[in-house]
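Here's the structure, in structure tokens; my notes come after.
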Amino acid sequence: MSIPTEPVGSVPRSPELQAAMAAHAAGELSSDALDELFDAAVADTLARFEATRSPVVSDGEQTKSSFATYPLEGMTSLSPDGVVIPFADGHERQLPVLTAGPFVYQNQAGPYVERAKRFTTLPVKQAVISASAMGLLYPQEGIAGYDQEQFIDDLVAQSAADIRSCFDAGADSVQVDFTEARLALKLDPSGAVLQQFIQLNNAVFSRFSTDERQRIGVHTCPGGDHDSTHSADVPYTDLIPAFMTLDCGRFFMQMASEADPSPALALVAEHLKPNQRVYVGVIDVCDEEIESAETVCDRVKAAAEHIPVAQLGTTDDCGFSPFSDDVVTSRDTAFAKIAARVEGTELAAEQLG
Ligand SMILES: [Zn+2]
């Protein structure tokens, strides 16, 4: 039995592309010139994906500002001083805050799929940001003339339209990046915030048919940026029972970087429904050392001790570069790790027969 394997999404941008994005932002490079460089970056990324024999590919998020901010590019009703996300190594990322309604995505992810499909015939997977992450943009003090209820209505509709745009563009599947799930338990150990996040995302999923929801996945991780994390200190087992109430077909779960994945895997197995598949992280994206195929194979077999092989897949623990300016991991390292994932997953599939 073969075991499906898929990336989470992002691949590091080349230094040249990063310089071009900065030059464009500074008004020193035209949009047309940047667009040509984007085409070249996506084409190169897909060619390198194909070279790993990856059965499913992504555009590596080469043209996104970040996994979370693409809907906000060009939005004028934002101020920069929103929620701060602290990472274990001391660095921070700060989200913007909404200053006026209505909330409308400035970019949908569908066009990323269209661009990718120009350069590959393999199935293209597309990652989108979760409604719950975008929900953090609404200020605690509220917005005059645009109450939270109106905002939530707009948010659910916009997030559903974002996913729909990917399917319309021919995406094989859509993965919702829910990296704030584990963080929610750090910010509010009672679990109430996590429940709000899950309800919001399930409200989005309810806009899709049962068949479509089989092609929708969710990704969770302790947050990866500059090889550091924001919520690895929250026990995974605290998150999993609630996380697995998300009403979709696929779960892309960081696991390789867990000190002991066994309790988490056992709990996933307990909560996995018959029509669902869990893609277990077998590549530690915060570790610069490239895994051997044997290491990957061992991780798959450890997962298979808990999860039926028919419901098992593999993935990377996270994107390799969720923010476009993250240069810690090189493209060569990322693709070597992806190749190890593909080879090690095949090896495990053979051995698990
Ligand atoms: Zn992640």
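Within each chain, counting starts at residue 1; across the structure tokens, chains are named A, B, ... in the order shown, with ligands numbered 1 upward in that order.
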
Inset, instruction - Enumerate as a ChimeraX atom specification the residues within 10 Å of ligand 1, counting only C-alpha atoms and all ligand atoms. - result: /A:8-10,67,177-180,219-225,229,252-254,285,316-322

Inset, instruction - Excluding Ala144 of chain A and residues on its chain fewer than 4 positions from it, collect all residues at most 10 Å away from it, counting only C-alpha atoms, and give them as a ChimeraX atom specification. - result: /A:99-101

Write the selection just made, keeping C-alpha atoms, as a short mmCIF file (atom, residue, chain, number, x, y, z; two decimals), in the first residue's frame?
data_model
loop_
_atom_site.label_atom_id
_atom_site.label_comp_id
_atom_site.auth_asym_id
_atom_site.auth_seq_id
_atom_site.Cartn_x
_atom_site.Cartn_y
_atom_site.Cartn_z
CA THR A 99 -9.29 50.00 11.84
CA ALA A 100 -12.48 49.96 9.72
CA GLY A 101 -14.92 47.61 8.00
#

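Nearest residue to Leu37 of chain A, choosing from A:Arg341, A:Glu346, A:Glu50, A:Ser14 and counting only C-alpha atoms: A:Ser14.
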
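For segment 114-127 of chain A, the non-local neighbours within 8 Å, defined as residues at least 2 positions apart in the same chain or in other chains and counting only C-alpha atoms, are Val8, Gly9, Asp39, Val42, Ala43, Leu46, Ala47, Pro55, Val56, Val57, Ser58, Asp59, Phe67, Ala109, Gly110, Pro111, Tyr112, Ile129, Cys166, Ala169, Gly170, Ala171, Asp172, Ser173, Val174, Gln175, Val176 and Asp177 of chain A.
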
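What separates atom CA of Pro80 of chain A from atom CA of Gln94 of chain A is a distance of 7.6 Å.
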
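The two atoms in question, atom CA of His230 of chain A and atom CA of Leu183 of chain A, are spaced 6.8 Å apart.
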
Inset, instruction - Would you please extract all strand (DSSP E) residues from segment 45-96 of chain A, as assigned by DSSP on the backbone, and give them as a ChimeraX atom specification? - result: /A:78-79,84-86,92-94

Write to file, as a PDB file, in the first residue's frame, the residues of the selection just made, with N, CA and C atoms.
ATOM      1  N   LEU A  78      -5.761  49.233   8.035  1.00  0.00           N
ATOM      2  CA  LEU A  78      -4.967  48.475   9.001  1.00  0.00           C
ATOM      3  C   LEU A  78      -3.986  49.409   9.691  1.00  0.00           C
ATOM      4  N   SER A  79      -3.735  49.164  10.971  1.00  0.00           N
ATOM      5  CA  SER A  79      -2.597  49.826  11.607  1.00  0.00           C
ATOM      6  C   SER A  79      -1.671  48.723  12.107  1.00  0.00           C
ATOM      7  N   VAL A  84       0.987  40.575  19.212  1.00  0.00           N
ATOM      8  CA  VAL A  84       2.404  40.214  19.142  1.00  0.00           C
ATOM      9  C   VAL A  84       2.546  38.723  19.406  1.00  0.00           C
ATOM     10  N   ILE A  85       3.299  38.031  18.533  1.00  0.00           N
ATOM     11  CA  ILE A  85       3.557  36.603  18.727  1.00  0.00           C
ATOM     12  C   ILE A  85       5.026  36.437  19.120  1.00  0.00           C
ATOM     13  N   PRO A  86       5.278  36.064  20.381  1.00  0.00           N
ATOM     14  CA  PRO A  86       6.665  35.882  20.820  1.00  0.00           C
ATOM     15  C   PRO A  86       7.183  34.476  20.504  1.00  0.00           C
ATOM     16  N   GLU A  92      10.115  38.346  17.720  1.00  0.00           N
ATOM     17  CA  GLU A  92       8.655  38.499  17.701  1.00  0.00           C
ATOM     18  C   GLU A  92       8.167  38.753  16.280  1.00  0.00           C
ATOM     19  N   ARG A  93       6.914  38.387  16.052  1.00  0.00           N
ATOM     20  CA  ARG A  93       6.208  38.830  14.845  1.00  0.00           C
ATOM     21  C   ARG A  93       4.960  39.541  15.340  1.00  0.00           C
ATOM     22  N   GLN A  94       4.633  40.680  14.738  1.00  0.00           N
ATOM     23  CA  GLN A  94       3.449  41.418  15.163  1.00  0.00           C
ATOM     24  C   GLN A  94       2.436  41.480  14.028  1.00  0.00           C
TER      25      GLN A  94
END

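Ranking A:Ala293, A:Ile307, A:Leu347, A:Ala242 by their shortest atom-to-atom distance to Leu265 of chain A, with only C-alpha atoms included, puts A:Ile307 first.
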
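When atom CA of Ser54 of chain A is paired with atom CA of Ala334 of chain A, their separation reads 12.9 Å.
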
Closest-contact table, segment 208-231 of chain A side, partner segment 160-163 of chain A, 12 Å, counting only C-alpha atoms, as CSV:
residue,atom,partner,partner_atom,distance
A:Phe208,CA,A:Ala160,CA,8.2
A:Ser209,CA,A:Ala160,CA,11.9
A:Glu212,CA,A:Ile163,CA,10.3
A:Arg213,CA,A:Ile163,CA,10.6
A:Arg215,CA,A:Ile163,CA,10.5
A:Ile216,CA,A:Ile163,CA,8.6
A:Gly217,CA,A:Ile163,CA,10.8

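Checking A:Gly82, A:Pro189, A:Pro241, A:Gly249 one by one against Thr210 of chain A, counting only C-alpha atoms, you find the shortest gap at A:Gly249.
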
Inset, instruction - Could you check which of A:Val11, A:Ile152, A:Ala203, A:Val97 is closest to Leu137 of chain A, using only C-alpha atoms? - result: A:Val97

Legend entry - Picked from segment 84-254 of chain A by DSSP as helix (DSSP H, G or I), as a VMD selection string: chain A and resid 110 to 117 131 to 135 148 to 168 180 to 187 192 to 205 210 to 214 236 to 243

Take the residues from that selection and put them in a file with C-alpha atoms, as a PDB file, in the first residue's frame.
ATOM      1  CA  GLY A 110      -6.668  30.905  -6.296  1.00  0.00           C
ATOM      2  CA  PRO A 111      -4.309  32.884  -8.555  1.00  0.00           C
ATOM      3  CA  TYR A 112      -1.311  31.178  -6.885  1.00  0.00           C
ATOM      4  CA  VAL A 113      -2.755  27.848  -8.068  1.00  0.00           C
ATOM      5  CA  GLU A 114      -3.287  29.242 -11.579  1.00  0.00           C
ATOM      6  CA  ARG A 115       0.324  30.380 -11.782  1.00  0.00           C
ATOM      7  CA  ALA A 116       1.656  27.056 -10.474  1.00  0.00           C
ATOM      8  CA  LYS A 117      -0.414  25.027 -12.913  1.00  0.00           C
ATOM      9  CA  ALA A 131     -10.230  32.327   9.455  1.00  0.00           C
ATOM     10  CA  SER A 132      -9.166  32.128  13.096  1.00  0.00           C
ATOM     11  CA  ALA A 133      -5.803  33.770  12.355  1.00  0.00           C
ATOM     12  CA  MET A 134      -7.510  36.567  10.418  1.00  0.00           C
ATOM     13  CA  GLY A 135      -9.928  36.885  13.353  1.00  0.00           C
ATOM     14  CA  GLN A 148     -17.636  41.993  15.901  1.00  0.00           C
ATOM     15  CA  GLU A 149     -20.647  40.041  14.656  1.00  0.00           C
ATOM     16  CA  GLN A 150     -20.529  41.815  11.278  1.00  0.00           C
ATOM     17  CA  PHE A 151     -16.806  41.197  11.157  1.00  0.00           C
ATOM     18  CA  ILE A 152     -17.233  37.458  11.838  1.00  0.00           C
ATOM     19  CA  ASP A 153     -19.886  37.175   9.107  1.00  0.00           C
ATOM     20  CA  ASP A 154     -17.544  38.865   6.617  1.00  0.00           C
ATOM     21  CA  LEU A 155     -14.573  36.813   7.818  1.00  0.00           C
ATOM     22  CA  VAL A 156     -16.308  33.446   7.349  1.00  0.00           C
ATOM     23  CA  ALA A 157     -17.541  34.448   3.892  1.00  0.00           C
ATOM     24  CA  GLN A 158     -14.115  35.752   2.839  1.00  0.00           C
ATOM     25  CA  SER A 159     -12.248  32.703   4.129  1.00  0.00           C
ATOM     26  CA  ALA A 160     -14.685  30.341   2.382  1.00  0.00           C
ATOM     27  CA  ALA A 161     -14.307  32.333  -0.846  1.00  0.00           C
ATOM     28  CA  ASP A 162     -10.523  32.060  -0.526  1.00  0.00           C
ATOM     29  CA  ILE A 163     -10.729  28.243  -0.328  1.00  0.00           C
ATOM     30  CA  ARG A 164     -13.318  28.186  -3.125  1.00  0.00           C
ATOM     31  CA  SER A 165     -10.984  30.225  -5.360  1.00  0.00           C
ATOM     32  CA  CYS A 166      -8.339  27.493  -5.020  1.00  0.00           C
ATOM     33  CA  PHE A 167     -10.746  24.704  -5.990  1.00  0.00           C
ATOM     34  CA  ASP A 168     -12.009  26.815  -8.897  1.00  0.00           C
ATOM     35  CA  GLU A 180      -2.280  29.514  16.126  1.00  0.00           C
ATOM     36  CA  ALA A 181      -4.103  26.423  17.485  1.00  0.00           C
ATOM     37  CA  ARG A 182      -1.398  25.425  19.918  1.00  0.00           C
ATOM     38  CA  LEU A 183      -0.608  29.084  20.602  1.00  0.00           C
ATOM     39  CA  ALA A 184      -4.250  29.556  21.665  1.00  0.00           C
ATOM     40  CA  LEU A 185      -3.680  27.179  24.583  1.00  0.00           C
ATOM     41  CA  LYS A 186      -0.604  29.153  25.600  1.00  0.00           C
ATOM     42  CA  LEU A 187      -2.521  32.442  25.558  1.00  0.00           C
ATOM     43  CA  ALA A 192     -11.981  28.824  25.486  1.00  0.00           C
ATOM     44  CA  VAL A 193      -9.995  30.742  22.846  1.00  0.00           C
ATOM     45  CA  LEU A 194      -9.077  27.477  21.109  1.00  0.00           C
ATOM     46  CA  GLN A 195     -12.768  26.514  21.025  1.00  0.00           C
ATOM     47  CA  GLN A 196     -13.638  29.905  19.460  1.00  0.00           C
ATOM     48  CA  PHE A 197     -10.943  29.357  16.820  1.00  0.00           C
ATOM     49  CA  ILE A 198     -12.247  25.860  16.024  1.00  0.00           C
ATOM     50  CA  GLN A 199     -15.868  27.039  15.796  1.00  0.00           C
ATOM     51  CA  LEU A 200     -14.827  29.779  13.395  1.00  0.00           C
ATOM     52  CA  ASN A 201     -12.912  27.400  11.142  1.00  0.00           C
ATOM     53  CA  ASN A 202     -15.724  24.828  11.249  1.00  0.00           C
ATOM     54  CA  ALA A 203     -18.161  27.595  10.237  1.00  0.00           C
ATOM     55  CA  VAL A 204     -16.001  28.080   7.127  1.00  0.00           C
ATOM     56  CA  PHE A 205     -15.844  24.324   6.425  1.00  0.00           C
ATOM     57  CA  THR A 210     -18.896  16.497   2.273  1.00  0.00           C
ATOM     58  CA  ASP A 211     -16.826  15.603  -0.802  1.00  0.00           C
ATOM     59  CA  GLU A 212     -15.134  19.001  -0.851  1.00  0.00           C
ATOM     60  CA  ARG A 213     -14.320  18.760   2.842  1.00  0.00           C
ATOM     61  CA  GLN A 214     -12.417  15.534   2.074  1.00  0.00           C
ATOM     62  CA  TYR A 236       0.594  18.508  22.175  1.00  0.00           C
ATOM     63  CA  THR A 237      -1.778  16.132  23.932  1.00  0.00           C
ATOM     64  CA  ASP A 238      -3.643  19.158  25.361  1.00  0.00           C
ATOM     65  CA  LEU A 239      -4.407  20.316  21.828  1.00  0.00           C
ATOM     66  CA  ILE A 240      -5.181  17.122  19.906  1.00  0.00           C
ATOM     67  CA  PRO A 241      -8.703  16.156  21.137  1.00  0.00           C
ATOM     68  CA  ALA A 242     -10.064  19.631  20.310  1.00  0.00           C
ATOM     69  CA  PHE A 243      -8.014  19.980  17.117  1.00  0.00           C
TER      70      PHE A 243
END

Inset, instruction - Could you check which of A:Gln311, A:Thr295, A:Ser206, A:Gln106 is closest to Val282 of chain A, using only C-alpha atoms? - result: A:Thr295

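In this comparison, which uses only C-alpha atoms, the residue of A:Ser257, A:Met75, A:His271, A:Ile290 approaching Met244 of chain A most closely is A:His271.
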